[in-house]
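What's in structure10.txt: compact mmCIF, C-alpha atoms
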# COMPACT_ATOMS: atom_id res chain seq x y z
CA MET G 248 28.86 -83.19 -22.84
CA ARG G 249 25.32 -83.04 -21.42
CA ARG G 250 26.55 -80.97 -18.47
CA ARG G 251 28.35 -78.61 -20.82
CA HIS G 252 25.23 -78.09 -22.96
CA PHE G 253 23.17 -77.52 -19.84
CA LEU G 254 25.65 -74.94 -18.55
CA GLU G 255 25.69 -73.10 -21.86
CA ALA G 256 21.88 -73.04 -21.97
CA ALA G 257 21.72 -71.74 -18.40
CA ALA G 258 24.27 -69.07 -19.19
CA THR G 259 22.26 -67.95 -22.22
CA ALA G 260 19.19 -67.58 -20.03
CA LEU G 261 21.14 -65.60 -17.45
CA ALA G 262 22.57 -63.31 -20.11
CA ALA G 263 19.10 -62.68 -21.54
CA ALA G 264 17.77 -61.85 -18.10
CA GLY G 265 20.68 -59.50 -17.52
CA ALA G 266 20.11 -57.76 -20.84
CA LYS G 267 16.43 -57.31 -20.02
CA ALA G 268 17.36 -55.79 -16.65
CA GLN G 269 19.55 -53.27 -18.45
CA ASP G 270 16.72 -52.02 -20.68
CA GLY G 271 15.35 -48.53 -20.16
CA PRO G 272 15.80 -44.95 -21.38
CA GLY G 273 19.37 -44.50 -22.56
CA GLY G 274 20.13 -48.14 -21.69
CA LEU G 275 20.00 -47.31 -17.95
CA SER G 276 18.48 -49.60 -15.37
CA HIS G 277 16.23 -48.41 -12.55
CA SER G 278 17.06 -51.25 -10.15
CA LYS G 279 18.38 -50.57 -6.68
CA LEU G 280 22.00 -50.16 -5.69
CA LYS G 281 23.84 -53.16 -4.22
CA LEU G 282 26.45 -53.58 -1.50
CA GLY G 283 29.35 -55.71 -2.74
CA THR G 284 32.86 -56.86 -1.97
CA GLN G 285 35.83 -58.45 -3.74
CA ASN G 286 38.40 -59.70 -1.27
CA ASP G 287 37.53 -63.25 -0.24
CA SER G 288 35.12 -65.82 -1.64
CA SER G 289 36.03 -68.77 0.59
CA ASP G 290 33.21 -70.61 2.35
CA GLU G 291 34.29 -69.09 5.67
CA ALA G 292 34.15 -65.56 4.25
CA LEU G 293 30.84 -66.18 2.46
CA ARG G 294 29.17 -67.17 5.76
CA VAL G 295 30.26 -63.89 7.32
CA LEU G 296 29.31 -61.82 4.28
CA ALA G 297 25.84 -63.37 4.14
CA ALA G 298 25.31 -62.51 7.80
CA LEU G 299 26.44 -58.93 7.17
CA GLY G 300 24.04 -58.53 4.25
CA VAL G 301 26.71 -58.50 1.56
CA ASN G 302 24.70 -60.43 -1.01
CA HIS G 303 26.67 -59.58 -4.19
CA ILE G 304 30.38 -60.20 -4.72
CA CYS G 305 33.32 -60.26 -7.05
CA SER G 306 35.22 -63.47 -6.40
CA THR G 307 38.89 -63.88 -5.77
CA LEU G 308 41.02 -64.82 -8.79
CA PRO G 309 40.14 -68.39 -9.88
CA SER G 310 43.72 -69.03 -11.01
CA ALA G 311 46.66 -67.11 -12.44
CA ARG G 312 46.75 -69.50 -15.42
CA MET G 313 44.30 -71.32 -17.65
CA ASP G 314 43.55 -74.50 -15.74
CA ALA G 315 40.57 -76.44 -14.40
CA ASN G 316 39.46 -73.44 -12.33
CA TRP G 317 38.93 -71.51 -15.58
CA SER G 318 37.03 -74.32 -17.28
CA ILE G 319 33.27 -73.92 -17.76
CA GLU G 320 32.71 -76.60 -15.14
CA GLY G 321 35.16 -75.04 -12.68
CA LEU G 322 33.64 -71.57 -13.00
CA ALA G 323 30.08 -72.91 -12.82
CA HIS G 324 30.97 -74.85 -9.67
CA MET G 325 32.35 -71.65 -8.10
CA ARG G 326 29.20 -69.73 -9.02
CA GLU G 327 26.96 -72.46 -7.61
CA ARG G 328 29.01 -72.57 -4.40
CA VAL G 329 28.68 -68.81 -3.93
CA GLU G 330 24.95 -68.95 -4.67
CA SER G 331 24.48 -71.68 -2.05
CA PHE G 332 25.09 -68.96 0.56
CA GLY G 333 22.38 -66.74 -0.91
CA ILE G 334 25.00 -64.52 -2.58
CA ARG G 335 25.14 -63.61 -6.28
CA LEU G 336 28.46 -63.87 -8.08
CA GLU G 337 28.40 -60.63 -10.08
CA MET G 338 31.99 -60.48 -11.28
CA VAL G 339 35.23 -62.46 -11.51
CA PRO G 340 38.77 -61.04 -11.89
CA LEU G 341 40.90 -61.96 -14.87
CA PRO G 342 44.60 -62.71 -14.28
CA MET G 343 45.39 -59.09 -15.17
CA SER G 344 45.78 -57.71 -11.67
CA SER G 345 47.02 -54.38 -10.33
CA ASN G 346 50.48 -55.82 -9.66
CA TYR G 347 53.71 -54.20 -10.79
CA ILE G 348 54.66 -55.59 -14.21
CA ALA G 349 57.37 -57.93 -12.87
CA ARG G 350 54.67 -59.69 -10.82
CA SER G 351 51.95 -59.54 -13.45
CA GLU G 352 50.23 -62.79 -14.43
CA ASN G 353 50.26 -61.80 -18.12
CA PRO G 354 53.01 -59.19 -18.48
CA ASP G 355 53.51 -59.38 -22.24
CA ILE G 356 50.18 -57.67 -22.99
CA MET G 357 51.46 -54.38 -21.58
CA LEU G 358 55.10 -55.03 -22.49
CA ALA G 359 54.02 -55.57 -26.14
CA ARG G 360 56.28 -58.58 -26.59
CA SER G 361 55.38 -60.75 -29.55
CA PRO G 362 54.38 -63.49 -30.09
CA GLU G 363 53.84 -63.88 -26.33
CA ARG G 364 51.34 -61.01 -26.27
CA ASP G 365 49.05 -62.73 -28.74
CA ARG G 366 49.17 -66.01 -26.84
CA GLU G 367 48.25 -64.24 -23.61
CA ILE G 368 45.36 -62.42 -25.30
CA ASP G 369 44.11 -65.69 -26.81
CA THR G 370 44.03 -67.16 -23.31
CA ILE G 371 42.11 -64.15 -21.95
CA CYS G 372 39.58 -64.54 -24.78
CA GLN G 373 39.02 -68.19 -23.87
CA MET G 374 38.54 -67.21 -20.22
CA ILE G 375 35.87 -64.73 -21.34
CA ARG G 376 34.05 -67.44 -23.32
CA ASN G 377 34.19 -69.90 -20.44
CA ALA G 378 33.01 -67.34 -17.89
CA ALA G 379 30.03 -66.40 -20.04
CA ARG G 380 29.12 -70.05 -20.59
CA ALA G 381 29.29 -70.57 -16.81
CA GLY G 382 26.74 -67.80 -16.23
CA ILE G 383 29.12 -65.10 -14.97
CA PRO G 384 27.98 -61.65 -16.14
CA ALA G 385 31.15 -59.55 -15.78
CA LEU G 386 34.93 -59.67 -15.54
CA LYS G 387 37.33 -57.08 -14.14
CA TYR G 388 40.94 -56.42 -15.14
CA ASN G 389 43.83 -53.93 -15.15
CA LEU G 390 46.06 -52.64 -17.93
CA THR G 391 49.03 -51.43 -15.90
CA ILE G 392 52.81 -51.43 -15.85
CA LEU G 393 53.54 -49.63 -12.59
CA GLY G 394 50.88 -51.25 -10.43
CA VAL G 395 49.57 -49.30 -7.43
CA VAL G 396 52.17 -46.69 -6.43
CA ARG G 397 52.36 -45.23 -2.93
CA SER G 398 54.80 -43.41 -0.67
CA GLU G 399 55.00 -44.10 3.09
CA PRO G 400 51.73 -44.48 5.08
CA THR G 401 50.71 -41.55 7.28
CA PRO G 402 48.70 -41.36 10.54
CA GLY G 403 44.92 -41.30 10.30
CA ARG G 404 41.96 -41.27 12.64
CA GLY G 405 42.58 -42.94 15.99
CA GLY G 406 46.12 -43.92 15.04
CA ALA G 407 45.08 -45.88 11.95
CA HIS G 408 47.57 -45.99 9.10
CA TYR G 409 46.36 -44.29 5.92
CA SER G 410 47.80 -45.39 2.59
CA THR G 411 49.37 -42.23 1.14
CA PHE G 412 50.86 -40.91 -2.06
CA VAL G 413 53.03 -37.82 -2.30
CA TYR G 414 54.62 -37.62 -5.73
CA GLU G 415 57.71 -35.74 -4.57
CA LYS G 416 58.38 -38.35 -1.86
CA ALA G 417 57.70 -41.50 -3.90
CA LYS G 418 60.82 -43.43 -4.86
CA GLN G 419 61.56 -43.48 -8.58
CA ASP G 420 64.65 -45.69 -8.39
CA PRO G 421 65.68 -48.11 -9.73
CA PRO G 422 64.68 -47.42 -13.33
CA LEU G 423 61.95 -49.57 -14.82
CA ALA G 424 64.19 -52.14 -16.46
CA GLU G 425 61.36 -54.55 -17.31
CA ALA G 426 59.52 -52.10 -19.56
CA GLY G 427 61.96 -49.30 -20.27
CA PRO G 428 60.54 -45.85 -21.04
CA VAL G 429 56.90 -46.05 -22.15
CA SER G 430 55.38 -42.97 -23.78
CA ALA G 431 51.69 -42.15 -23.79
CA ASP G 432 51.49 -43.08 -27.48
CA ALA G 433 53.11 -46.46 -26.85
CA GLU G 434 50.79 -47.18 -23.94
CA TRP G 435 47.71 -46.26 -25.96
CA GLU G 436 48.84 -48.60 -28.75
CA ARG G 437 49.13 -51.49 -26.31
CA ILE G 438 45.75 -50.78 -24.73
CA ALA G 439 44.01 -50.45 -28.11
CA TYR G 440 45.65 -53.66 -29.38
CA PHE G 441 44.20 -55.55 -26.42
CA LEU G 442 40.73 -54.02 -26.62
CA LYS G 443 40.34 -54.58 -30.35
CA ARG G 444 41.02 -58.28 -29.84
CA VAL G 445 39.07 -58.81 -26.65
CA ILE G 446 35.95 -56.60 -26.69
CA PRO G 447 34.43 -58.28 -29.80
CA VAL G 448 34.61 -61.59 -27.90
CA ALA G 449 33.00 -60.01 -24.84
CA GLU G 450 30.28 -58.55 -27.02
CA GLU G 451 29.63 -61.88 -28.75
CA TYR G 452 29.31 -63.64 -25.39
CA LYS G 453 27.53 -60.73 -23.65
CA ILE G 454 29.92 -60.36 -20.75
CA ARG G 455 30.87 -56.94 -19.38
CA MET G 456 34.55 -56.06 -19.19
CA ALA G 457 35.39 -53.65 -16.34
CA CYS G 458 38.82 -52.00 -16.44
CA HIS G 459 40.33 -50.31 -13.38
CA PRO G 460 41.97 -46.88 -13.84
CA HIS G 461 45.68 -46.38 -13.22
CA ASP G 462 46.27 -45.82 -9.51
CA PRO G 463 47.36 -43.11 -9.02
CA GLY G 464 47.49 -40.68 -11.92
CA MET G 465 50.87 -39.13 -12.70
CA PRO G 466 51.94 -35.83 -14.33
CA PRO G 467 51.26 -36.02 -18.11
CA GLY G 468 54.45 -36.23 -20.13
CA LYS G 469 56.50 -36.81 -16.98
CA GLY G 470 54.90 -39.93 -15.61
CA PHE G 471 56.70 -42.07 -13.05
CA ARG G 472 59.86 -44.09 -13.54
CA GLY G 473 59.72 -43.32 -17.25
CA VAL G 474 56.15 -44.54 -17.75
CA ASP G 475 53.20 -42.34 -18.71
CA ARG G 476 49.87 -43.32 -17.12
CA VAL G 477 47.21 -42.70 -19.73
CA LEU G 478 44.38 -44.19 -17.65
CA GLY G 479 45.31 -41.89 -14.77
CA SER G 480 43.21 -38.92 -15.86
CA VAL G 481 39.54 -38.32 -16.58
CA ASP G 482 40.36 -37.34 -20.17
CA GLY G 483 42.28 -40.60 -20.53
CA LEU G 484 39.31 -42.61 -19.27
CA LYS G 485 37.02 -40.79 -21.70
CA ARG G 486 39.33 -41.74 -24.55
CA PHE G 487 39.52 -45.31 -23.24
CA ILE G 488 35.77 -45.95 -23.35
CA GLU G 489 35.63 -44.59 -26.91
CA ILE G 490 38.23 -47.04 -28.29
CA ALA G 491 35.64 -49.82 -28.54
CA ALA G 492 32.01 -48.88 -29.15
CA SER G 493 30.36 -51.63 -27.15
CA PRO G 494 27.96 -51.79 -24.20
CA TYR G 495 30.22 -54.53 -22.82
CA HIS G 496 33.27 -52.22 -22.60
CA GLY G 497 33.44 -50.09 -19.46
CA LEU G 498 35.02 -49.32 -16.12
CA ASN G 499 35.65 -50.84 -12.76
CA PHE G 500 34.94 -47.31 -11.52
CA CYS G 501 37.25 -46.77 -8.56
CA GLN G 502 35.88 -43.59 -7.02
CA GLY G 503 38.95 -43.32 -4.81
CA THR G 504 41.39 -43.59 -7.71
CA ILE G 505 39.40 -41.15 -9.83
CA SER G 506 39.23 -38.71 -6.91
CA GLU G 507 43.03 -38.93 -6.78
CA MET G 508 43.16 -37.65 -10.38
CA LEU G 509 41.34 -34.44 -9.51
CA ALA G 510 42.63 -31.12 -8.17
CA ARG G 511 39.39 -30.60 -6.19
CA PRO G 512 37.73 -34.00 -5.78
CA ALA G 513 35.19 -32.72 -3.25
CA GLU G 514 33.75 -30.53 -6.04
CA GLN G 515 34.60 -32.43 -9.22
CA ILE G 516 33.91 -36.12 -8.59
CA PHE G 517 30.14 -35.84 -9.00
CA ASP G 518 30.34 -34.61 -12.59
CA VAL G 519 32.73 -37.46 -13.38
CA ILE G 520 30.26 -40.01 -11.98
CA ARG G 521 27.52 -38.43 -14.09
CA TYR G 522 29.63 -38.48 -17.27
CA PHE G 523 30.45 -42.19 -17.17
CA GLY G 524 27.24 -43.29 -15.44
CA ALA G 525 24.97 -41.59 -17.96
CA ARG G 526 26.81 -43.46 -20.74
CA GLY G 527 26.35 -46.82 -19.05
CA LYS G 528 30.11 -47.25 -18.58
CA ILE G 529 30.21 -47.90 -14.83
CA PHE G 530 30.17 -51.68 -14.30
CA ASN G 531 31.38 -51.75 -10.68
CA VAL G 532 32.18 -49.12 -8.05
CA HIS G 533 35.01 -49.04 -5.54
CA PHE G 534 33.35 -46.70 -3.05
CA ARG G 535 36.36 -45.14 -1.36
CA ASN G 536 37.11 -41.69 0.04
CA ILE G 537 40.33 -39.67 0.16
CA ARG G 538 41.82 -36.53 1.62
CA GLY G 539 43.80 -34.31 -0.71
CA GLY G 540 43.92 -34.66 -4.47
CA PHE G 541 46.19 -35.03 -7.49
CA LEU G 542 49.74 -36.14 -6.53
CA ASN G 543 49.15 -35.72 -2.78
CA PHE G 544 46.46 -37.74 -0.99
CA GLN G 545 45.56 -40.16 1.80
CA GLU G 546 43.10 -43.06 1.56
CA THR G 547 40.68 -42.65 4.48
CA PHE G 548 37.73 -44.31 6.13
CA PRO G 549 34.64 -43.58 4.01
CA ASP G 550 33.36 -40.95 6.47
CA ASP G 551 36.74 -39.28 7.06
CA GLY G 552 37.64 -37.89 3.64
CA ASP G 553 36.93 -34.81 1.57
CA VAL G 554 34.16 -36.24 -0.64
CA ASN G 555 30.53 -36.12 0.47
CA MET G 556 29.76 -39.82 0.09
CA ILE G 557 26.03 -39.40 0.62
CA ARG G 558 25.92 -37.01 -2.32
CA ALA G 559 28.02 -39.42 -4.38
CA MET G 560 25.60 -42.26 -3.63
CA ARG G 561 22.69 -40.11 -4.78
CA VAL G 562 24.48 -39.40 -8.08
CA TYR G 563 24.95 -43.13 -8.74
CA LYS G 564 21.23 -43.60 -8.19
CA ASP G 565 20.35 -40.59 -10.36
CA VAL G 566 22.30 -41.94 -13.37
CA GLY G 567 20.59 -45.32 -13.09
CA TYR G 568 23.56 -47.32 -11.82
CA ASP G 569 22.35 -50.64 -10.43
CA GLY G 570 25.59 -52.52 -9.75
CA MET G 571 27.77 -53.15 -6.73
CA LEU G 572 29.35 -50.50 -4.51
CA MET G 573 32.19 -51.93 -2.46
CA PRO G 574 35.21 -50.99 -0.38
CA ASP G 575 38.46 -51.80 -2.12
CA HIS G 576 41.13 -50.58 0.32
CA VAL G 577 40.67 -49.84 4.01
CA PRO G 578 43.03 -48.18 6.51
CA ALA G 579 45.28 -50.46 8.53
CA ILE G 580 44.56 -50.59 12.27
CA ASP G 581 46.93 -52.14 14.80
CA GLY G 582 45.30 -55.31 16.10
CA ASP G 583 42.89 -55.65 13.16
CA ALA G 584 44.43 -58.61 11.36
CA GLY G 585 43.61 -58.59 7.66
CA GLY G 586 41.50 -55.44 8.01
CA LYS G 587 38.40 -57.50 8.86
CA GLN G 588 36.98 -54.97 11.30
CA ALA G 589 37.78 -52.06 8.99
CA PHE G 590 36.00 -53.80 6.12
CA ALA G 591 33.00 -54.61 8.34
CA TYR G 592 32.81 -50.91 9.24
CA ALA G 593 32.91 -49.98 5.54
CA TYR G 594 30.18 -52.51 4.68
CA GLY G 595 27.88 -51.06 7.35
CA TYR G 596 28.56 -47.51 6.18
CA ILE G 597 27.88 -48.29 2.52
CA GLN G 598 24.78 -50.33 3.33
CA ALA G 599 23.36 -47.46 5.40
CA LEU G 600 23.86 -45.02 2.52
CA ILE G 601 22.31 -47.43 0.03
CA GLN G 602 19.24 -47.87 2.25
CA THR G 603 18.98 -44.10 2.66
CA VAL G 604 19.03 -43.22 -1.04
CA ASN G 605 16.90 -46.22 -2.05
CA MET G 606 14.12 -44.95 0.24
CA GLU G 607 14.25 -41.45 -1.23
CA ALA G 608 11.77 -40.49 -3.92
For this file, write the structure as structure tokens.
Amino acid sequence: MRRRHFLEAAATALAAAGAKAQDGPGGLSHSKLKLGTQNDSSDEALRVLAALGVNHICSTLPSARMDANWSIEGLAHMRERVESFGIRLEMVPLPMSSNYIARSENPDIMLARSPERDREIDTICQMIRNAARAGIPALKYNLTILGVVRSEPTPGRGGAHYSTFVYEKAKQDPPLAEAGPVSADAEWERIAYFLKRVIPVAEEYKIRMACHPHDPGMPPGKGFRGVDRVLGSVDGLKRFIEIAASPYHGLNFCQGTISEMLARPAEQIFDVIRYFGARGKIFNVHFRNIRGGFLNFQETFPDDGDVNMIRAMRVYKDVGYDGMLMPDHVPAIDGDAGGKQAFAYAYGYIQALIQTVNMEA
């Protein structure tokens, strides 16, 4: 019990420090931008990340179910282990991943099956409490049925393989038997049901909840495999952040995914960053570039897409964003097992841009 009380006291102090760091005009912080990552938090990976200057991370999923890894002690041990490498644990994923619904850890939340849905939400709420008590400031999650949808990869720079989506070429068979047709109204009901149960807990425990957009957006009213994607448009994301009026309710702002929603991302993405950033709704950034736009795009290396990433970095600084900017996906290269070299390239690129804009007046 003494350890538990100590952990809760430490978490309270951390939360207070975090809240103080957030203070400023409009609730915006003036701290510097941070390079981050999310793919591997093993000791082996942490040694490499520390050497590369990646000093802020989102961990890998502690566990797909409520077990010892999601206890206060288990989460605190993970945080302490990460910190022993000189790295700050900024965020942890909930078992609400970007998987297709049949492989989801908690499928009944988005399938709206009762009473299973309520049991799953109760578990998520307890994970939020435990994470806060363990001194973890933020959690990320997805609210998806389709998962990440792509068509066949296409050739990129130097023979790399670029993840690609072309709506007309993407397979829409077999029908989505697990969920059946899901209208926009039905999807909004399921999202609102979750948020109205969960965000008050996050607010009570002062832990930020960062939701990833639907990847990719689909034609409104037509959707994909009978499912509308309401978090696949900028208007949908605006509606999403308004469902719960809380500073702890926001976005895992995937710049790549949001660029995919736009007809002209090279022109439009900066205003989108400003809109959500000025409202304090960007809790994490997936700093990814694309070629193309809505319903037809490739995921590229950060310096090989249509978006001016230096300009994007300056906009994040201008709106007062002080969180992590990280690669989420990287192109596949023959001979680069696990994308380690591609990720190292992305880390160096992002770090160079951060240093550039942080030195600017």
Spatial neighbours of Arg476 in chain G, max dist 10 Å, all atoms listed in the file, sep filter under 5 positions, as a count of residues only: 21
Once you count all atoms listed in the file, which residues end up no further than 12 Å from (33.7, -74.7, -12.9) in the file's frame, shown as a PyMOL selection string? chain G and resi 250-251+254+309-310+314-329+374+377-383
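For the choices G:Lys281, G:Arg472, G:His408, G:Lys485, the atom-to-atom distance to Asp583 in chain G is smallest for G:His408 when using all atoms listed in the file.
With distances restricted to all atoms listed in the file, G:Val566 is the closest residue to Tyr522 in chain G from G:Cys501, G:Leu296, G:Val566, G:Ile490.
Using only C-alpha atoms, the nearest neighbour of Val339 in chain G within the list G:Phe487, G:Tyr592, G:Phe500, G:Tyr388 is G:Tyr388.
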In Å, how far is it from CA of Ala349 in chain G to CA of Ile375 in chain G? 24.1 Å
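Distances from G:Arg538, G:Arg364, G:Arg486, G:Arg455 to Phe523 in chain G were compared using all atoms listed in the file, and the smallest one belongs to G:Arg486.
CA of Asn536 in chain G to CA of Gln502 in chain G spans 7.4 Å [interatomic distance, one decimal].
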Nearest residue to Leu336 in chain G out of G:Met571, G:Ile348, G:Val395, G:Ala513, using all atoms listed in the file? G:Met571
For Asn302 in chain G, work out the shell of residues within 7 Å, counting all atoms listed in the file and skipping chain neighbours fewer than 4 positions away, then give it as a PyMOL selection string. chain G and resi 283+297+333-335
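Shortest atom-to-atom contact with Pro340 in chain G among G:Leu280, G:Ala525, G:Met456, G:Ala433: G:Met456, counting only C-alpha atoms.
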Using all atoms listed in the file, which residues sit within 8 Å of Val481 in chain G once same-chain residues fewer than 5 positions away are excluded, as a list in words? Ile505, Met508 and Val519 of chain G
Long-range neighbours of Ile371 in chain G as a ChimeraX atom specification, 12 Å cut-off, all atoms listed in the file, 2 positions minimum in chain: /G:311-313,317,340-343,352-353,356,364-369,373-378,386-388,441-442,444-446,448-449,456
Print the selection's residues with C-alpha atoms to a file, as a PDB file, in the frame of the given file.
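Written output follows (selection-v1.pdb):
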ATOM      1  CA  ALA G 311      46.660 -67.110 -12.440  1.00  0.00           C
ATOM      2  CA  ARG G 312      46.750 -69.500 -15.420  1.00  0.00           C
ATOM      3  CA  MET G 313      44.300 -71.320 -17.650  1.00  0.00           C
ATOM      4  CA  TRP G 317      38.930 -71.510 -15.580  1.00  0.00           C
ATOM      5  CA  PRO G 340      38.770 -61.040 -11.890  1.00  0.00           C
ATOM      6  CA  LEU G 341      40.900 -61.960 -14.870  1.00  0.00           C
ATOM      7  CA  PRO G 342      44.600 -62.710 -14.280  1.00  0.00           C
ATOM      8  CA  MET G 343      45.390 -59.090 -15.170  1.00  0.00           C
ATOM      9  CA  GLU G 352      50.230 -62.790 -14.430  1.00  0.00           C
ATOM     10  CA  ASN G 353      50.260 -61.800 -18.120  1.00  0.00           C
ATOM     11  CA  ILE G 356      50.180 -57.670 -22.990  1.00  0.00           C
ATOM     12  CA  ARG G 364      51.340 -61.010 -26.270  1.00  0.00           C
ATOM     13  CA  ASP G 365      49.050 -62.730 -28.740  1.00  0.00           C
ATOM     14  CA  ARG G 366      49.170 -66.010 -26.840  1.00  0.00           C
ATOM     15  CA  GLU G 367      48.250 -64.240 -23.610  1.00  0.00           C
ATOM     16  CA  ILE G 368      45.360 -62.420 -25.300  1.00  0.00           C
ATOM     17  CA  ASP G 369      44.110 -65.690 -26.810  1.00  0.00           C
ATOM     18  CA  GLN G 373      39.020 -68.190 -23.870  1.00  0.00           C
ATOM     19  CA  MET G 374      38.540 -67.210 -20.220  1.00  0.00           C
ATOM     20  CA  ILE G 375      35.870 -64.730 -21.340  1.00  0.00           C
ATOM     21  CA  ARG G 376      34.050 -67.440 -23.320  1.00  0.00           C
ATOM     22  CA  ASN G 377      34.190 -69.900 -20.440  1.00  0.00           C
ATOM     23  CA  ALA G 378      33.010 -67.340 -17.890  1.00  0.00           C
ATOM     24  CA  LEU G 386      34.930 -59.670 -15.540  1.00  0.00           C
ATOM     25  CA  LYS G 387      37.330 -57.080 -14.140  1.00  0.00           C
ATOM     26  CA  TYR G 388      40.940 -56.420 -15.140  1.00  0.00           C
ATOM     27  CA  PHE G 441      44.200 -55.550 -26.420  1.00  0.00           C
ATOM     28  CA  LEU G 442      40.730 -54.020 -26.620  1.00  0.00           C
ATOM     29  CA  ARG G 444      41.020 -58.280 -29.840  1.00  0.00           C
ATOM     30  CA  VAL G 445      39.070 -58.810 -26.650  1.00  0.00           C
ATOM     31  CA  ILE G 446      35.950 -56.600 -26.690  1.00  0.00           C
ATOM     32  CA  VAL G 448      34.610 -61.590 -27.900  1.00  0.00           C
ATOM     33  CA  ALA G 449      33.000 -60.010 -24.840  1.00  0.00           C
ATOM     34  CA  MET G 456      34.550 -56.060 -19.190  1.00  0.00           C
TER      35      MET G 456
END
Quick one: everything within 8 Å of range 397-400 of chain G, counting only C-alpha atoms, minus sequence neighbours fewer than 3 positions away in the same chain. Send it as a PyMOL selection string. chain G and resi 408-414+416-418
